[in-house]
Structures are given as C-alpha cells and as structure tokens.
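For reference, the structure discussed in these notes is given below.
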Amino acid sequence: MAGQQKRCLWAVLSVSFLTIMGTQVATPILGELGSYFEGAPETQIKLIYTVVSLASFFMSFITGTLIRRKKETTLVGIACFVLGGVLCAFADHLALLILFRFITGVGIGLISPLSNSLISDLTEAGEQRSRYLSLAGMVAQMGSVLATVLSGFLASIHWRLAFSLYGIGIIGFFAVLFMVPKSAPAAKERVPHEKIPGSIWLLSLLNLMFGMIFSSSFTNLSLRAAALGIPSGQSGIAISMAALGATLFSAFTPVFMKRLGRGAIPALWGMIALLFVGLALAGDVYGMGACMFGMGVFGGIFSVCINMLATRQASEQTSARYLSLVNAASMLGEFLCPMLFSALGQVMGSGDIVSGFFINAAEAGILALLTALYLARKKRGAEE
C-alpha cells in the first residue's frame, strides 16, 4: 500500500474514533443534567442524548451530495463536532444545550459516511477492505469506551468538564488537514435510479426498531443509576461495558450467522429481551455493568448482522445507498427512543424506568417471535 494511502487511512481511523464517542459523552451525565435543569421533563433531558442522532439522520443523506469534496466536507464535519461539543460546557439553558448537541450531530452526520467511503476508495474489495472496515469499527467502539468512562469521571467534578472531551476532535482535524491530499479520491459515477427492494426496507424497519429499543438502555441507565445514588463515574464505567462487549465480539458475527442461519436475528432479539429484564432487576453497578456488556455483545452483533445482510442484497453500485438507508433508520430510532418510552409508559400506566425496561423486554421478545414466524413462513414458501 502506497504511503499516501496509509496516511489517508490513519486520518480515517482518527475520524472513526469520533463517531460513536460524539453521542456517548452525554450518556453518563444525564442524571446530573436532570438535577441541574430541575423541573425539565425527563423526555427533554433524554433529548440531550438523542438529538445528536436526529441531526446525524438528516446529514447522512446530505453528505451524499458532498461526497466529491471529501476532505473539505470532513473538515467541516469535525469543526461542527468540536465547536458544538465544547460549547455545551457553557450552556446555561436547556434549549441552548440541545442546540449545541444538534450542531455536534451535524458534524457526526457529515463525517460518519465519509470514513467508510474513504476506506472503500483506498482499499481493494475483499479481505483487505473488510480488515480496515473492522479496524475502523473497533476504533469507533474504543472512542465510545473512552467517552463514557472519562465523561463520568469528569462529571464527578462538574458535568461541564465532560464536554471538554470534544476537544480531542482537533487531533482528527489536523490529521485530515495534513494527511489527506487536496485531490481526494474521486467519487464513483452515479448509477441510474433503481427501486429499493423490499428486503432492504425490511432490514431498515428492523434497524429502526433496534434503535428505538436498544438506545433505551443508554438513555435510561444513567437516570436509573442516579436515582439509586450511584456516582456518575461508576455509572459511566457500567455504560462503557456495552462498547467493550461490542468491541470484543462484533468480529464473531460471521461465525454467529453461519451457526444460526435464519435464526440469528430472532435469537439476538431474544437475548436483548433477557438483558432488559436483567437491567430492570439490577440494583447495583456490577449488575448494570454485566447487563450492559451483554447488550454490547448482542447489540454489536445485531448491527453488523443487519449491515452484512444489506450488503448481500446490494451490488457495488448500490451498497452505499442501501447501507445509508439502513443505518439512517437506526439513527431515527435512537431519536424516537425517549418518545416511545414515554408514550408506552403512559399507555401502561407506569412511567418509571424499571417498568420501562420490562416493556422494552416485552417489545424485543415480540420482535423475536415475529421475525421467527416471518422467516419460517418464508422458508416454507421457498420449499413449496
């Protein structure tokens, strides 16, 4: 691999480090923010976390029109990431904090699609590309671990200090500025518009539900820990176990899919349901950490599994489009998560977090059953 390609890949990895981290910085401090903005509805406090996903959802589509100017777009994205993140430390009003978080999400929405695009341009299809895509995913999860642990530690001093972590984006900015050449690899030519197959819409629907249900473990665990009197530093470590689990086990997704075949998706939903029951029953940081580690293992495998299934349905020309749709659905689900949680709590007559975890378990269990029935029916149809 040429030296220029290696420099670009190092820059890509530094950018990948920021993607999940940008969302997770606020996770361990939601309890502190709820106390600081006393009187604010719980849904608005959770919006501090999920608004990043909303901004990323919209920007993931806009980035497609800017893809020919990869370096410039990436630099703008990192600038939004750093500026929006650091400004959160100076927000004295909840609306202002949410606005700055939205700007951070704009940055993440700009840079996230570009990291995989650059890897695709700089590597050969097959083993080399898979290796670097896997490495980028591991680096992103490492950023998540760092964000949750350090955010909780800094918040134990003062919640404003947690947002100083966004300053690390400056490293990525200069990495792109000096390592990526001005003439970034040209984007592939546009292909004629093709109708998106039903299987991709189905995978997008599954990812939408995954985003809504799975994200509840992050947005609510911090508030649950604060209610139990668990310090933010400890709750941050518990939440970071999810990223650690995903980092260690996501690479085993192909083996998992090969062993379980059609039963992979229902099995994953089933495990997520059991882990939500565990979160509902957990009364200390150790139980929470163990459940979050399991969430990371099976949630990480689920995400990779969905992307692999989408890739199998796509050609080289349509893979970026299909993956963008599937991943954007997950981002939208993350944003809708608090609204779903609150609405179901009202319908069930109980809005506390423990009851919500049980509801999430029921939802995941129902999805496990529905996907199993759908796949069984599809298999019978194919045999006939």
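Chain labels follow the order of the structure tokens: the first chain is A, the next B, and so on; residue numbering restarts at 1 in every chain, and ligands are counted from 1 in their shown order.
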Shell of 7 Å around Gly289 of chain A, only C-alpha atoms, local chain residues under 3 positions omitted, as a list in words: Ala238, Ile239, Met241, Val285, Tyr286, Met292 and Phe293 of chain A
Mind running segment 139-209 of chain A against segment 21-32 of chain A at 9 Å and telling me each contacting residue's nearest atom pair with the distance in Å (one decimal), counting only C-alpha atoms, chain and number ascending, as a Markdown table?
| residue | atom | partner | partner_atom | distance |
| --- | --- | --- | --- | --- |
| A:Ala140 | CA | A:Met21 | CA | 7.1 |
| A:Gln141 | CA | A:Met21 | CA | 7.8 |
| A:Met142 | CA | A:Met21 | CA | 8.3 |
| A:Gly143 | CA | A:Met21 | CA | 5.0 |
| A:Ser144 | CA | A:Met21 | CA | 4.4 |
| A:Val145 | CA | A:Met21 | CA | 7.8 |
| A:Leu146 | CA | A:Met21 | CA | 7.6 |
| A:Ala147 | CA | A:Val25 | CA | 5.0 |
| A:Thr148 | CA | A:Val25 | CA | 5.7 |
| A:Val149 | CA | A:Pro28 | CA | 8.2 |
| A:Leu150 | CA | A:Val25 | CA | 8.4 |
| A:Ser151 | CA | A:Val25 | CA | 5.7 |
| A:Gly152 | CA | A:Pro28 | CA | 5.4 |
| A:Ala155 | CA | A:Ile29 | CA | 6.5 |
| A:Ser156 | CA | A:Ile29 | CA | 9.0 |
| A:His158 | CA | A:Glu32 | CA | 8.8 |
| A:Trp159 | CA | A:Ile29 | CA | 6.5 |
| A:Ala162 | CA | A:Val25 | CA | 7.0 |
| A:Phe163 | CA | A:Val25 | CA | 7.1 |
| A:Leu165 | CA | A:Val25 | CA | 7.7 |
| A:Tyr166 | CA | A:Gly22 | CA | 7.3 |
Provide the atom CA of Ala89 of chain A to atom CA of Phe174 of chain A distance in Å, to one decimal place.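 Straight-line distance from atom CA of Ala89 of chain A to atom CA of Phe174 of chain A works out to 22.9 Å.
Closest approach to Gly296 of chain A among A:Gly245, A:Gly198, A:Gly263, A:Gly233: A:Gly245, based on only C-alpha atoms.
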Using only C-alpha atoms, which protein or nucleic acid residues come within 12 Å of segment 377-381 of chain A? Drop anything in the same chain fewer than 3 positions from it, and give the result as a PDB file with C-alpha atoms, in the first residue's frame.
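Result went into selection.pdb, see below:
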ATOM      1  CA  GLY A 261     -28.529 -19.169   9.880  1.00  0.00           C
ATOM      2  CA  ARG A 262     -32.077 -17.804   9.643  1.00  0.00           C
ATOM      3  CA  GLY A 263     -32.411 -17.942  13.407  1.00  0.00           C
ATOM      4  CA  LEU A 370     -42.459 -12.102  14.776  1.00  0.00           C
ATOM      5  CA  THR A 371     -39.140 -12.400  12.941  1.00  0.00           C
ATOM      6  CA  ALA A 372     -39.013 -16.139  13.689  1.00  0.00           C
ATOM      7  CA  LEU A 373     -42.545 -16.600  12.306  1.00  0.00           C
ATOM      8  CA  TYR A 374     -41.753 -14.489   9.240  1.00  0.00           C
ATOM      9  CA  GLU A 384     -43.167 -25.096  -1.956  1.00  0.00           C
TER      10      GLU A 384
END
As a VMD selection string, please: all residues of segment 96-338 of chain A that backbone DSSP puts in alpha helix (DSSP H). chain A and resid 96 to 122 127 to 155 159 to 162 169 to 179 198 to 214 216 to 227 232 to 249 253 to 260 264 to 281 285 to 312 319 to 338
